[in-house]
Structures are given as C-alpha cells and as structure tokens.
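Since the structure comes first, as structure tokens, the remarks are kept for the end.
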Amino acid sequence: MIAPALVGVVRLLVGAQARWIGVPPSPRQRIYFANHSSHLDALALWAALPPELRRHTRPVAARDYWAKGGFRQVVATRGFNAVFVGRQREHADEDLLAPLIEALQAGDSLIIFPEGTRNDAPLPQPFKSGLYRLASQFPQVELVAVYLDTLHRSLPKGSLLPVPLVCTVRFGRSVELLPGEDKAVFLERAREAVIELA
Amino acid sequence: MNEKLMWVMAGIVGLLLVASVIGWGLSRRAQGRGGSEVVDNLNARIRAWWLMVAVLGVSFMLGTTFNLVLFAIISFLALREFITLTPTRRGDHLALCLCFYVAIPLQYWLIGIEWYGLFSILIPVYGFVLLPAVAALAGDPDDFLERATKVQWGLMLTVYCISHAPALLVLDIPGFDLGGLALLVYLLLVVQISDVLQYVFGKLFGKHKLAPRVSPSKTVEGLLGGGLAATAVGAGLWWITPFTPLQSAGMAALIVLCGFLGGLALSAVKRSLGAKDWGNLIEGHGGMLDRMDSVCFAAPVFFHVVRYGFT
C-alpha cells in the first residue's frame, strides 16, 4: 500500500525514468552503486526499477536521517524497506557494513552510494572502501554502476522541498573485482563506470 | 456534456478509428518490406491520441473544477520538462519551488474564482518582479540574467499561456448556451487537427523546408495544406461556437497561425537548450511540451479575441 503510493509520488516529482544502457534488468542478485547528491537518490533509483525487482532490492539509507522515527522512518521501512547504516562507529569493534552483509546473505539486492556522503556536484567523489569489501566477500553478486542525472538540482544539500525535475536513472555496465586487484584501482575503476554514464 | 459536444466527441472517436485502421494497414504493408520507423512512430502517435482523447473526454464530463486540475497537472508536467532542460543553479532553488508549488495552484485557483484581473498579471507582473528578487537573495550572480530569463520564460509558457485554454471555461458569453467547454473543445480540436494535418500534408507533399535548422519537419506544403484544411474544419464547427461560419473560419485561421508560430518558436527554444524532444512522456510524440507547444501560443490569443469580441 505505502510502496506503490511512494513510487507514484517519486515519479510525479522526479520522473525516475530508467534507461538500461550497460545491463538489462534482471532478477539476479545485484549491488547497484551510484553517485550521491541528494536525499532523493535512493528513492529515485529504487522507483526506477521494475516492480518485481524493486521488491527484492533494498536501498541503504543513513540511520541518522531516515531512522529518526516519524514519517520518514515509516517511508523508509514500510515504503522502500531500507537497510539502515550508521555513518560513524558507535563503539570500536562495530562493523558499519554488518547490516549490508546481512541483507546480501538473505539474498536481497542492494542500492548503495559508495561516496558515503552527499556531494554538491553530479560527478562522484572518490569511493570509500565498502564497495571493495562487499565485492570481495560476495563475488557472485553483480555490481552495476548507476548514474542519477538531475537530483543535485532537484534537492540540493540544505534544501527542504524538491524541485520537480525529470531524473533519468542510467544503469550502466557491471564491474567485476579482478583476482588480486588492488583496492584503490578497483574503486577508481568502479567510479569511472559511473562517470562514463554522465 | 451537451448533446452537440457529444457529437463532436463521437466525430473525434470516428476519426481516430479511421486513423487506427489506416495505421494498421500501413504497418502491414511496411512489414512486408522490413518495417518502417515512420509507420511505427505514426502508430505510436495514434495510440497516444486515444489515451489523450480519453483523458480529456472523461475530464470534460466531470466539470470545471476537474478540468482546471487536469490543466494544472499539464502545466506542472510541462514546466517540469522545461526546467529539466534548463541549466539552473543552487541559487534558483527557492524561485523554482515558488513556480511549482505556488504559481501553478494560484494561477488555476484564480480561474476557478474568476478573478480575471489578477489572473492576467500574476505571472507577467508579480512573477516577473518577485522571482528574480528571490533568486538574487540567494547571492549567486553567475549567469544571473540567463537563469532569471529562462525561469520566467518557462513559467510564462507552461503556466500562463496554457492556463488560458481552461480559462475559456469561465467566459460568460451572452446568448451562447453551450458555455466555455465548447470553446475549449473548439480550440484544442483546431490546434491539434492543424498539427496533425500539417504533419500529414508535410509527409505526403512536403518539399520546401520552412526552417530546417529550427524544425526539420515543417514544410511550406504542410503549413499551407494542413493549415487550410484545419481552417476548413474549424469553419465547419461553427455550430458549437458563438461565431458565424465566416467568423469561425477567421478564428480557426488565427488559431492555426498562432499554433504554427508556437510550434516554431518553441522548437527554436528547445534546440537552443540542446534537445530534440522536450521529454518522452507521451509515446511517439515526445514530451508534454511537444504536444502543447501550439496550444501555448494559440490559447492566450484566442482567449483574448473571444473575450474582447464576444463578451
């Protein structure tokens, strides 16, 4: 009930039109990784997926923004079934990736933003290492680069209301972690795969 | 809906049936030769026409308030397309929010309460003054004039101009019992049939391109043939208007001319923004503005001529 309404609102505000450039839509387990410039990113990417894929694809959302209770949390849990992550470790041995690993082990696909934080520009900043860890721990999961094109204008950092703009969600090629590949090299290669969609 | 308008709607459905049969025939013929992009696009356009006519037809039956809401949504989608193609910056955010969340509802609400004075100056005066001021407060002077101009242009076209079509609904014409809905049907029918006939005449007989760099599909033959045919259709519809047959021909010619100029000017705007289509909302046609460009120019002119001449 909440999910279809949420998709409707997202479509009305930001279009969220999917273009499958590198890979076709597929039910196989995937990690979609994208550039991050607004709070709408996860929602737009999720809404752009076909309904049958959407059901098994969970956006990773910042706990301090989406899980503070109230309306936002209802949207995040009952709407797009978010995986909540903290931005900072609360105690020394906490693994920030643990909720993601759990979701992948359960067979779900994920939507992640490897920059870690929102960026004022559309082109992504260097990626953090989480993507590398997930790639080496789950070699069977396909990593798909995604580029979101207008959301930095729609809901820039520090604004409250989104400007309705048509956002095209471009699904690019899949990126594989090569045997023995260096972490920095892999992360840069993954970032390039997002940039080439811009 | 009035009985006469029902006949017009039935006529439109009949036309679409004929178009669908022709499209189906063309597609069978084209399949024998490996298919044709033009025919596929034609059939996509006809399918989209069925949907557009259905949406408008249902809305017409539900009354003025519903029609205003429908046109407000059309304005919203058109403005969304326009601003998507416009390179705005962070400093425009508040001004853009005002366009979408204040200007659109206010403009259509003013039609609903029939406050003509404010309706006709809200965007050209208050929008023109307030929006750049709000953007200037954000403190970013880079490309300021370009940004302010584009926002104002988008708002004028997609909200101000388009809102003049449903504003016909509240025109009170003495001695004319069909009401504004008939005028709205008349305007939309003449504009759209003119577009369609210009396209058909252009495809069949088009040789001399009018402005190839602005709009490669517009030809002299298409304009003359399609325009005259559409004027004839408009003249033949005098019985749903307050006009005499001759006046109706003149009105239709005016609508055709304005619609043509709108299509041409907006095509130039679109290309200067670096796009071929405004969007891909309507299958085969492009975006909302690709379908509404002629209405943008024809609606305000038609509205004013009717208001000054017949009320």
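Going through the structure tokens in order, the chains are called A, B, and so on, while each chain numbers its residues from 1 and the ligands are numbered from 1 in the order shown.
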Quiz prompt | Residues within 12 Å of Ala135 (chain A), only C-alpha atoms, excluding chain neighbours under 2 positions, as a PyMOL selection string | solution = chain A and resi 30-33+100-101+104+129-133+137-144+174-179+181+183+186-187+190
Would you export the selected residues with C-alpha atoms as a PDB file, in the first residue's frame, please?
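Writing the result to part-v8.pdb gives the following:
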```pdb
ATOM      1  CA  ARG A  30      22.972  -7.215  -7.622  1.00  0.00           C
ATOM      2  CA  ILE A  31      24.548  -4.266  -5.892  1.00  0.00           C
ATOM      3  CA  TYR A  32      23.602  -1.045  -7.662  1.00  0.00           C
ATOM      4  CA  PHE A  33      26.124   1.672  -6.850  1.00  0.00           C
ATOM      5  CA  LEU A 100      24.529  -4.758   4.364  1.00  0.00           C
ATOM      6  CA  ILE A 101      26.253  -8.117   4.675  1.00  0.00           C
ATOM      7  CA  LEU A 104      23.142  -9.765   0.959  1.00  0.00           C
ATOM      8  CA  SER A 129      36.214   1.119   0.612  1.00  0.00           C
ATOM      9  CA  GLY A 130      32.859  -0.501   1.492  1.00  0.00           C
ATOM     10  CA  LEU A 131      32.176  -1.440  -2.116  1.00  0.00           C
ATOM     11  CA  TYR A 132      35.504  -3.261  -2.313  1.00  0.00           C
ATOM     12  CA  ARG A 133      34.797  -5.252   0.839  1.00  0.00           C
ATOM     13  CA  GLN A 137      33.058 -11.033   0.174  1.00  0.00           C
ATOM     14  CA  PHE A 138      30.246 -11.640  -2.349  1.00  0.00           C
ATOM     15  CA  PRO A 139      31.896 -12.473  -5.694  1.00  0.00           C
ATOM     16  CA  GLN A 140      28.673 -13.994  -7.037  1.00  0.00           C
ATOM     17  CA  VAL A 141      26.783 -10.672  -6.713  1.00  0.00           C
ATOM     18  CA  GLU A 142      26.829  -8.493  -9.819  1.00  0.00           C
ATOM     19  CA  LEU A 143      27.961  -4.890  -9.280  1.00  0.00           C
ATOM     20  CA  VAL A 144      26.092  -2.439 -11.525  1.00  0.00           C
ATOM     21  CA  SER A 174      28.649  -4.270 -14.434  1.00  0.00           C
ATOM     22  CA  VAL A 175      32.041  -4.063 -12.773  1.00  0.00           C
ATOM     23  CA  GLU A 176      33.836  -7.145 -11.521  1.00  0.00           C
ATOM     24  CA  LEU A 177      36.571  -7.334  -8.915  1.00  0.00           C
ATOM     25  CA  LEU A 178      39.527  -8.926 -10.719  1.00  0.00           C
ATOM     26  CA  PRO A 179      41.591 -11.594  -8.918  1.00  0.00           C
ATOM     27  CA  GLU A 181      43.144  -6.419  -7.853  1.00  0.00           C
ATOM     28  CA  LYS A 183      41.592  -1.857  -3.630  1.00  0.00           C
ATOM     29  CA  PHE A 186      39.159  -1.293  -8.218  1.00  0.00           C
ATOM     30  CA  LEU A 187      37.393   1.625  -6.514  1.00  0.00           C
ATOM     31  CA  ALA A 190      34.055   1.444 -10.356  1.00  0.00           C
TER      32      ALA A 190
END
```
Exercise. Would you give me, as a PyMOL selection string, the residues of chain A that come within 7 Å of chain B, using only C-alpha atoms?
Key: chain A and resi 153+163-166
Need the shell around Val194 (chain A): protein/DNA/RNA residues with any atom at most 6 Å away, counting only C-alpha atoms. Skip same-chain ones fewer than 3 positions apart. Format as a short mmCIF file (atom, residue, chain, number, x, y, z; two decimals) with N, CA and C atoms, in the first residue's frame?
```
data_model
loop_
_atom_site.label_atom_id
_atom_site.label_comp_id
_atom_site.auth_asym_id
_atom_site.auth_seq_id
_atom_site.Cartn_x
_atom_site.Cartn_y
_atom_site.Cartn_z
N ALA A 145 26.94 -0.24 -12.13
CA ALA A 145 27.11 1.20 -11.99
C ALA A 145 25.85 1.93 -12.44
N VAL A 146 25.45 2.94 -11.66
CA VAL A 146 24.24 3.70 -11.99
C VAL A 146 24.55 5.18 -11.86
N TYR A 147 23.99 5.97 -12.79
CA TYR A 147 24.18 7.42 -12.70
C TYR A 147 22.82 8.12 -12.64
N ARG A 191 34.32 3.82 -9.99
CA ARG A 191 33.90 5.23 -10.08
C ARG A 191 33.85 5.67 -11.54
N LEU A 197 28.75 7.34 -17.54
CA LEU A 197 27.32 7.43 -17.86
C LEU A 197 26.82 8.87 -17.86
#
```
Quiz item: How far is it from CA of Gly309 (chain B) to CA of Phe66 (chain B), in Å with one decimal?
Solution: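 Calculated distance between CA of Gly309 (chain B) and CA of Phe66 (chain B) is 27.5 Å.
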Quiz item: If you run DSSP on the backbone, which residues of region 22-69 of chain A are strand (DSSP E or B), as JSON, numbers by chain?
Solution: {"A": [30, 31, 32, 33, 34, 57, 58, 59, 60, 61, 62]}
Self-check item: Shell of 7 Å around region 102-110 of chain B, only C-alpha atoms, local chain residues under 5 positions omitted, as number ranges by chain
Solution: B: 68, 72, 115, 119, 159, 163
Exercise. Between CA of Phe297 (chain B) and CA of Ser267 (chain B), measure the distance and give it in Å to one decimal.
Key: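 Atom-to-atom, CA of Phe297 (chain B) to CA of Ser267 (chain B), that is 12.6 Å.
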Quiz item: Given the choices A:Lys157, A:Arg19, A:Arg173, A:His152, which gets closest to Asn35 (chain A) if the distance is worked out from only C-alpha atoms?
Solution: A:His152
Quiz item: Can you tell me, as number ranges by chain, what residues are no more than 8 Å from region 10-18 of chain A when counting only C-alpha atoms, ignoring any on the same chain fewer than 6 positions away?
Solution: A: 43-45, 47-49, 151, 154, 162-171
Restricted to C-alpha atoms, what would the selected residues look like written as a CSV table (one decimal), in the first residue's frame?
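The resulting file, part.csv, is reproduced below:
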```csv
chain,number,residue,atom,x,y,z
A,43,LEU,CA,14.2,6.6,-3.7
A,44,ALA,CA,14.6,7.6,-7.3
A,45,LEU,CA,16.9,4.6,-8.2
A,47,ALA,CA,11.4,3.6,-8.0
A,48,ALA,CA,13.1,3.3,-11.5
A,49,LEU,CA,13.4,-0.5,-11.1
A,151,LEU,CA,18.8,15.2,-8.5
A,154,SER,CA,16.2,18.9,-7.5
A,162,PRO,CA,12.4,19.1,-4.0
A,163,VAL,CA,12.1,21.0,-7.3
A,164,PRO,CA,10.2,18.6,-9.7
A,165,LEU,CA,12.7,17.7,-12.5
A,166,VAL,CA,12.8,14.6,-14.7
A,167,CYS,CA,15.6,12.4,-13.5
A,168,THR,CA,16.9,9.8,-15.8
A,169,VAL,CA,18.3,6.8,-14.0
A,170,ARG,CA,21.0,5.3,-16.2
A,171,PHE,CA,22.0,1.7,-15.5
```
Who sits within 8 Å of Gly116 (chain A), only C-alpha atoms, same chain under 3 positions skipped, as a compact mmCIF listing (two decimals) with C-alpha atoms, in the first residue's frame:
```
# COMPACT_ATOMS: atom_id res chain seq x y z
CA HIS A 36 25.12 10.61 -4.41
CA ARG A 87 27.82 6.91 9.44
CA PHE A 113 26.28 5.15 -2.56
CA PHE A 127 34.66 5.99 -3.38
CA LYS A 128 35.03 4.66 0.13
```
